[in-house]
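Undergrad: The structure that follows is given in the form of structure tokens.
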Amino acid sequence: MSKRVIIDPVSRIEGHAKISIFLDERDEVREARFHVTEFRGFEKFCEGRPFQEMPGLSARICGICPVSHILASSKAGDALLGVGPPETAVKLRRMMNWGQVLQSHALSFFHLSGPDLLLGWDSPPAERNVFGLIAQSPDLARQGIRLRQFGQEVIEALGGRKVHPAWSVPGGVREPLTAEMRDQLLKWLPESYRAMEMALTFFKNFVDTHAEEVATFGDFPSLFLALVQPDGEWETYDGEIRIGDSSGAVLVKEPNPLRYATHIGEAVEHDSYLKSPYFRPHGYPDGVYRVGPLARVNLCERMGSPRADKELIEFRQRAGRVATSSFHYHYARLIEMMACVERLERVLGDAAILSGPCRADAGLNHREGVGVSEAPRGTLFHHYRVDEQGRLTHVNMIIATGQNNLAMNRTITQIAKQYVRGTTIPEPMLNRVEAGIRAFDPCLSCSTHAWGRMPLVAELIRPDGEVVAVAERS
């Protein structure tokens, strides 16, 4: 009979979840599992609505990454209409997505994981938070706040608000950027570059002195999935679905979003509301793959902008052509932030974003459509079927956090085996397990769409039934 330690709740993530650590008869870690304890069922209550409403409806799934759902939903709507948005609209959608990636990555790196990285996993919990970060390194904390603000300013400049902007729609976008807002955004660039250089210098120094964490925070071979341009350039909005392995071999190059189910299966575990997607040819659970910053950086051939390309070369010198440690999600996040700043600078110099047609008009031409885009946490799929009036009869969303589910379980199992010993487990050791989840930056409001039966026991119990420890937080 195994024993179990519960971490409940997992802190500094978006949403509610817990971790179970299972011990064997020798009080050694056998397995660790990540349980999502909230349920929303967003897909089901969208049925019956007109598909044109979905960008606005799906944005309400999450206040952290609403833009990701707006864009994937708009692209699914494009497919139902059977149109390609005008070039201006595509440039503006890309621009908003770069702003979304920038603000979300800044939140994850500086505010959620930053307290561990700067203060240490063993620091007192009362200090291991954003306020402790500010006290320890006010300049670094301020730069994180400002980078996130820049990303939010991009979103607001385009959509009229920072959260849930009603701007991208099936067929294109509502309106172009104004010259006044473009000029305001250009003023952010020098400060943003300085902030990125500071963050990258800090993290490279950290990696150089924390080899044990790099080696034990989820370092294992897996597949990776992301959108990539056909020529190999890094992508966040369009491109082909690419799946590769840890050796660098590319297994799938899929240009047609409607064929995603040929490659991706979805399983449901009994102990979580989080679905477990897997690579269908390898079966479940062997078909584990990872999405998000690490997958995008691993699968691309280049970032497509000078500073980010320089950082990618150094990253691969440090981590190899394909980085397999989940700890490097942090590093990949910083490279992507640099790429977003560079691409924003490039597009802000393009006069086309200030004028031109922004929306293609059409009626319903197809009864099924799939929109795929890259959210900050990974590839996002919106799959819709509609009736002859355009009312939704089927909605399926495959979220990045769900796609990382199997990999997150492997990551925390590896960390727990390295650091957890016996039945008395100090809080800093449990925090290291949590930190493995934070590396993936899970967004649980987005992801909790599957139905499962939740575990109720929260004690560590000996084989004879004696409760020897309760490890929970409130």
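Ligands are numbered from 1 in the order shown, residues from 1 within each chain, and chains are lettered A, B, ... in the order they appear in the structure tokens.
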When you look at A:Gly283 with a cut-off of 9 Å (counting only C-alpha atoms), what residues show up, excluding the ones that are within fewer than 5 positions of it in the same chain? I need them as a count of residues only.
TA: 3
Undergrad: Contacts of A:Asp27 at 8 Å or less, counting only C-alpha atoms, minus same-chain residues fewer than 2 places along, as an MDAnalysis selection string?
TA: chainID A and resid 3 23:25 29 421:423
Undergrad: Excluding A:Gln103 and residues on its chain fewer than 2 positions from it, collect all residues at most 10 Å away from it, counting only C-alpha atoms, and give them as a VMD selection string.
TA: chain A and resid 64 to 65 97 to 101 105 to 108 144 to 155 337 376
Undergrad: For A:Phe42, which residue among A:Ile353, A:Ser326, A:Val395, A:Pro9 is the nearest when counting only C-alpha atoms?
TA: A:Val395
Undergrad: Between A:Phe34, A:Leu92, A:Pro170, A:Leu118, which is the closest to A:Gly56 once you count only C-alpha atoms?
TA: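 The closest residue to A:Gly56 is A:Pro170.
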